[in-house]
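Trainee: Input: one structure, supplied below.
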Amino acid sequence: MISKDCRTRQSGGQGKTVSGDKPAVFSFVPGSDGSAAAALVGTGKLTGAQAALCAGSLAKELPDGRWHFEQAPEDQLSAATAIMLGGYEFTAYRSRKSRKLVIAVPSATAKRDAERLAGGCNLARDLINTPASDMGPEDLEKAVRRLAGQHKASVTVTRGDTLLRKNFPMIHAVGRAADQAPRLVDMRWGNKNSPKLTLVGKGVCFDTGGLDIKPASGMLLMKKDMGGAANVIGLASMIMEAKLPVRLRVLIPAVENAISGDAFRPGDVLKSRKGLSIEIGNTDAEGRLVLADALTLADEEKPDLLIDMATLTGAARVALGPDVPPFFTHDDNLAAELQAGSEAVADPMWRLPLYRPYASGLNSKIADINNVTSNGFAGSVTAALFLARFVEKAKAWVHFDIYGWNPATKPHAPVGGEAQCIRALDHVIGNRYKV
């Protein structure tokens, strides 16, 4: 039960009936004057962190005022995080008064950690929700620079034709048709002698599909095609805020896959930073191209842990739906850590196989590899196998194929851009590299 502080009075609605089977359903308890004095939250059959996430609905359902828990939640961190996530609104383009709702969390430590986690998640949400008109490659670079400034991190950027001179030909090829120049954003933070943790995020700020153009319906959500970049920025925020003893590096190839006379074409053969030649079977499979150059750079440094995140394939959504991103890794121990972390904080993910026989579908008759298969099968797996060709030296590597969007409201999440897997990753990384 959550109750209202006696020094504040606010009228409330009659509420909803609590069900034993349906989670996050409310019943308001009236006070002596008939106003809402307390609320009961139903968690149904959920347990642990999943039940705690139901607290996210408090931020939506409670009337303005100051509230407190009658009894501390079993998982205070998850409950506090859920409240902060559930209260998120993207209001950058709307005139709307902010709410005057305060929910006291019994544990100061849980409150501090929840602010760190929710801050990273809501940063990712803001970046994804921002329209491409205000979130092009230049704006994505500025977002990294703002974060770097908050934590005294360094940023270097390779942009435009300098990408060719510095040997990032595929990032250049994918982004050269857009008005805003393509770029590779490289942020570093932490002690140089600490374990190397590198995050790579797909930063395709809008994806028309290129000359293999998407239909209109396929472009409606393409502002979210930089969701991988948004999520690694959010995760980087969490890591730096926690002051983990790591040498953090964030690499974001930021481009727009646009159409002009300078656009790359189906049938073109591109050289990669690694030296492999890539036949372009489809210009709408551009994310793996920019990631390949960035992963090659990351791999050259032999990081202890290399993580990439991308809104990469529709096949992942067909396989697991929008809420459960697949991940791919050769490292069974890392996979077990990730699955355990996912369950611990109720941040869904599921391991899919790097099934090597499917790699033959990427064979090319004129180049080292094609960027797509011709049969259309196992699209998420073959995309991961493509990326795996560019990672050899990292001690551990994992690839996440995320959706980056909530199509339906959840207790802790509104419809719109979403942070996926990064709370679980923060849990795993925090356990690996403790302060």
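Ligands are numbered from 1 in the order shown, residues from 1 within each chain, and chains are lettered A, B, ... in the order they appear in the structure tokens.
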Wanna dump the stretch 79-193 of chain A-stretch 59-69 of chain A contacts at 6 Å for me, each residue with its shortest atom pair and the distance in Å to one decimal, counting only C-alpha atoms, ordered by chain and number, as a tab-separated table?

Mentor:
residue	atom	partner	partner_atom	distance
A:Ile83	CA	A:Ala59	CA	5.7
A:Gly86	CA	A:Ala59	CA	5.7
A:Gly87	CA	A:Ala59	CA	4.8
A:Lys100	CA	A:Asp64	CA	5.1
A:Leu101	CA	A:Asp64	CA	4.5
A:Val102	CA	A:Arg66	CA	4.7
A:Ile103	CA	A:Trp67	CA	4.7
A:Ala104	CA	A:His68	CA	4.9

Trainee: Any chance you could export the current selection's N, CA and C atoms as a PDB file, in the first residue's frame?

Mentor:
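Printed below is out.pdb as written:
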ATOM      1  N   ILE A  83       9.115   3.557 -10.850  1.00  0.00           N
ATOM      2  CA  ILE A  83       8.361   4.809 -10.677  1.00  0.00           C
ATOM      3  C   ILE A  83       8.954   5.915 -11.537  1.00  0.00           C
ATOM      4  N   GLY A  86       8.216   5.032 -15.110  1.00  0.00           N
ATOM      5  CA  GLY A  86       6.794   5.147 -15.400  1.00  0.00           C
ATOM      6  C   GLY A  86       6.320   6.589 -15.504  1.00  0.00           C
ATOM      7  N   GLY A  87       7.025   7.497 -14.844  1.00  0.00           N
ATOM      8  CA  GLY A  87       6.650   8.903 -14.902  1.00  0.00           C
ATOM      9  C   GLY A  87       7.222   9.646 -16.091  1.00  0.00           C
ATOM     10  N   LYS A 100       3.068  17.601 -10.063  1.00  0.00           N
ATOM     11  CA  LYS A 100       3.596  17.872  -8.726  1.00  0.00           C
ATOM     12  C   LYS A 100       3.357  16.635  -7.865  1.00  0.00           C
ATOM     13  N   LEU A 101       4.036  15.571  -8.254  1.00  0.00           N
ATOM     14  CA  LEU A 101       3.897  14.282  -7.597  1.00  0.00           C
ATOM     15  C   LEU A 101       5.235  13.874  -7.010  1.00  0.00           C
ATOM     16  N   VAL A 102       5.246  13.562  -5.729  1.00  0.00           N
ATOM     17  CA  VAL A 102       6.455  13.109  -5.051  1.00  0.00           C
ATOM     18  C   VAL A 102       6.131  11.788  -4.346  1.00  0.00           C
ATOM     19  N   ILE A 103       6.940  10.759  -4.636  1.00  0.00           N
ATOM     20  CA  ILE A 103       6.778   9.471  -3.980  1.00  0.00           C
ATOM     21  C   ILE A 103       8.072   9.181  -3.231  1.00  0.00           C
ATOM     22  N   ALA A 104       8.002   9.113  -1.931  1.00  0.00           N
ATOM     23  CA  ALA A 104       9.197   8.904  -1.116  1.00  0.00           C
ATOM     24  C   ALA A 104       9.622   7.446  -1.171  1.00  0.00           C
TER      25      ALA A 104
END

Trainee: Skipping near chain neighbours, those fewer than 2 positions away, what residues fall within 10 Å of A:Ile429 using only C-alpha atoms, listed as a ChimeraX atom specification?

Mentor: /A:197,239,244,246,305,337-338,341,422-427,431-434

Trainee: Might you pull out every residue within 10 Å of A:Gly361, with only C-alpha atoms counted and same-chain residues fewer than 3 positions away left off, and present them as a list in words?

Mentor: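 Listed by chain and then number, they are Pro357, Tyr358, Ser364, Ile369, Asn370, Asn371, Val372, Thr373, Ser374, Asn375, Gly376, Phe377, Ala378 and Thr382 of chain A.
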
Trainee: Could you please take those selected residues and save C-alpha atoms as a PDB file, in the first residue's frame?

Mentor:
ATOM      1  CA  PRO A 357      26.303 -23.077 -41.375  1.00  0.00           C
ATOM      2  CA  TYR A 358      23.944 -20.159 -42.120  1.00  0.00           C
ATOM      3  CA  SER A 364      29.219 -13.578 -52.906  1.00  0.00           C
ATOM      4  CA  ILE A 369      30.877 -11.421 -48.585  1.00  0.00           C
ATOM      5  CA  ASN A 370      27.389 -10.108 -49.357  1.00  0.00           C
ATOM      6  CA  ASN A 371      25.580  -7.876 -46.889  1.00  0.00           C
ATOM      7  CA  VAL A 372      22.374  -9.963 -47.140  1.00  0.00           C
ATOM      8  CA  THR A 373      21.286 -13.487 -47.953  1.00  0.00           C
ATOM      9  CA  SER A 374      19.154 -14.332 -50.965  1.00  0.00           C
ATOM     10  CA  ASN A 375      16.748 -16.714 -49.201  1.00  0.00           C
ATOM     11  CA  GLY A 376      15.507 -14.394 -46.451  1.00  0.00           C
ATOM     12  CA  PHE A 377      15.789 -17.046 -43.747  1.00  0.00           C
ATOM     13  CA  ALA A 378      17.144 -16.419 -40.220  1.00  0.00           C
ATOM     14  CA  THR A 382      22.808 -14.012 -40.508  1.00  0.00           C
TER      15      THR A 382
END

Trainee: For A:Leu352, find every residue with an atom within 8 Å (counting only C-alpha atoms), except residues of its own chain fewer than 3 positions away, and show them as number ranges by chain.

Mentor: A: 326-328, 381

Trainee: Grab the residues selected above and save them as a JSON list (two decimals), in the first residue's frame with N, CA and C atoms.

Mentor:
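Generated file (again_17.json):
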[["chain", "number", "residue", "atom", "x", "y", "z"],
["A", 326, "PRO", "N", 16.88, -10.23, -29.05],
["A", 326, "PRO", "CA", 17.85, -11.33, -29.03],
["A", 326, "PRO", "C", 19.27, -10.80, -28.86],
["A", 327, "PHE", "N", 20.13, -11.64, -28.27],
["A", 327, "PHE", "CA", 21.55, -11.32, -28.23],
["A", 327, "PHE", "C", 22.34, -12.52, -28.72],
["A", 328, "PHE", "N", 23.53, -12.24, -29.20],
["A", 328, "PHE", "CA", 24.39, -13.24, -29.82],
["A", 328, "PHE", "C", 25.80, -13.13, -29.25],
["A", 381, "VAL", "N", 19.99, -13.91, -37.33],
["A", 381, "VAL", "CA", 21.17, -14.75, -37.16],
["A", 381, "VAL", "C", 22.23, -14.43, -38.20]]

Trainee: Enumerate the residues of stretch 176-262 of chain A with a DSSP assignment of strand (DSSP E or B), computed from the backbone, and present them as a list in words.

Mentor: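 Taking stretch 176-262 of chain A and keeping strand (DSSP E or B) only, one gets Arg183, Leu184, Val185, Asp186, Met187, Arg188, Trp189, Lys196, Leu197, Thr198, Leu199, Val200, Gly201, Gly203, Val204, Cys205, Phe206, Asp207, Arg247, Leu248, Arg249, Val250, Leu251, Ile252, Pro253, Ala254, Val255, Glu256 and Asn257 of chain A.
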
Trainee: For the atom pair atom CA of A:Gly120 and atom CA of A:Leu199, what is the interatomic distance in Å to one decimal place?

Mentor: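 Atom CA of A:Leu199 lies at a distance of 14.4 Å from atom CA of A:Gly120.
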
Trainee: Choose the residue, out of A:Ala419, A:Leu387, A:Leu276, A:Ala178, that has the smallest atom-to-atom separation from A:Glu138; count only C-alpha atoms.

Mentor: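 Of all the options, A:Ala178 lies closest to A:Glu138.
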
Trainee: Counting only C-alpha atoms, figure out which residue out of A:Asn129, A:Asn231, A:Asn333, A:Thr283 gets nearest to A:Ile307.

Mentor: A:Asn231

Trainee: Between A:Met187, A:Leu46, A:Leu289, A:Leu220, which residue has the minimum interatomic distance to A:Ser277, considering only C-alpha atoms?

Mentor: A:Leu289

Trainee: Taking the DSSP assignment computed from this structure's backbone, write out as a ChimeraX atom specification all residues of stretch 171-339 of chain A that belong to alpha helix (DSSP H).

Mentor: /A:171-175,216-219,227-242,287-300,314-320,332-339

Trainee: May I have a table of the residues of stretch 359-417 of chain A lying at most 12 Å from stretch 308-315 of chain A, giving each one's closest pair of atoms and their distance in Å to one decimal, counting only C-alpha atoms, ordered by chain and ascending residue number, as JSON lines?

Mentor:
{"residue": "A:Val372", "atom": "CA", "partner": "A:Thr313", "partner_atom": "CA", "distance": 11.1}
{"residue": "A:Gly376", "atom": "CA", "partner": "A:Ala315", "partner_atom": "CA", "distance": 9.1}
{"residue": "A:Phe377", "atom": "CA", "partner": "A:Ala315", "partner_atom": "CA", "distance": 8.6}
{"residue": "A:Ala378", "atom": "CA", "partner": "A:Ala315", "partner_atom": "CA", "distance": 7.0}
{"residue": "A:Gly379", "atom": "CA", "partner": "A:Ala315", "partner_atom": "CA", "distance": 5.3}
{"residue": "A:Ser380", "atom": "CA", "partner": "A:Ala315", "partner_atom": "CA", "distance": 5.4}
{"residue": "A:Val381", "atom": "CA", "partner": "A:Ala315", "partner_atom": "CA", "distance": 8.7}
{"residue": "A:Thr382", "atom": "CA", "partner": "A:Thr313", "partner_atom": "CA", "distance": 9.9}
{"residue": "A:Ala383", "atom": "CA", "partner": "A:Thr313", "partner_atom": "CA", "distance": 7.7}
{"residue": "A:Ala384", "atom": "CA", "partner": "A:Leu312", "partner_atom": "CA", "distance": 9.2}
{"residue": "A:Phe386", "atom": "CA", "partner": "A:Leu312", "partner_atom": "CA", "distance": 11.7}
{"residue": "A:Leu387", "atom": "CA", "partner": "A:Asp308", "partner_atom": "CA", "distance": 9.7}
{"residue": "A:Ala388", "atom": "CA", "partner": "A:Asp308", "partner_atom": "CA", "distance": 11.0}
{"residue": "A:Phe390", "atom": "CA", "partner": "A:Asp308", "partner_atom": "CA", "distance": 12.0}
{"residue": "A:Val391", "atom": "CA", "partner": "A:Asp308", "partner_atom": "CA", "distance": 10.9}
{"residue": "A:Ala396", "atom": "CA", "partner": "A:Asp308", "partner_atom": "CA", "distance": 11.4}
{"residue": "A:Trp397", "atom": "CA", "partner": "A:Asp308", "partner_atom": "CA", "distance": 8.0}
{"residue": "A:Val398", "atom": "CA", "partner": "A:Asp308", "partner_atom": "CA", "distance": 6.5}
{"residue": "A:His399", "atom": "CA", "partner": "A:Asp308", "partner_atom": "CA", "distance": 5.0}
{"residue": "A:Phe400", "atom": "CA", "partner": "A:Met309", "partner_atom": "CA", "distance": 4.7}
{"residue": "A:Asp401", "atom": "CA", "partner": "A:Ala310", "partner_atom": "CA", "distance": 5.3}
{"residue": "A:Ile402", "atom": "CA", "partner": "A:Thr311", "partner_atom": "CA", "distance": 4.9}
{"residue": "A:Tyr403", "atom": "CA", "partner": "A:Thr311", "partner_atom": "CA", "distance": 5.3}
{"residue": "A:Gly404", "atom": "CA", "partner": "A:Thr311", "partner_atom": "CA", "distance": 6.8}
{"residue": "A:Trp405", "atom": "CA", "partner": "A:Thr311", "partner_atom": "CA", "distance": 9.7}
{"residue": "A:Gly417", "atom": "CA", "partner": "A:Thr311", "partner_atom": "CA", "distance": 11.7}

Trainee: List the neighbours of A:Asp347 out to 7 Å using only C-alpha atoms; skip same-chain residues closer than 2 positions along the sequence, and give me the result as a ChimeraX atom specification.

Mentor: /A:342-343,345,349,421,423-424

Trainee: Can you spit out the residues from that selection as a PDB file, in the first residue's frame, using C-alpha atoms?

Mentor:
ATOM      1  CA  SER A 342      18.002 -10.008 -17.356  1.00  0.00           C
ATOM      2  CA  GLU A 343      15.966 -11.988 -14.840  1.00  0.00           C
ATOM      3  CA  VAL A 345      16.176  -6.720 -13.027  1.00  0.00           C
ATOM      4  CA  MET A 349      16.469 -10.557 -23.608  1.00  0.00           C
ATOM      5  CA  CYS A 421      18.742  -4.414 -22.184  1.00  0.00           C
ATOM      6  CA  ARG A 423      19.550  -2.081 -17.108  1.00  0.00           C
ATOM      7  CA  ALA A 424      20.552  -5.742 -17.383  1.00  0.00           C
TER       8      ALA A 424
END

Trainee: Pick out the closest residue to A:Phe28 from this set: A:Leu58, A:Ala346, A:Ile128, A:Ala367. Count only C-alpha atoms.

Mentor: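 The shortest atom-to-atom distance to A:Phe28 comes from A:Leu58.
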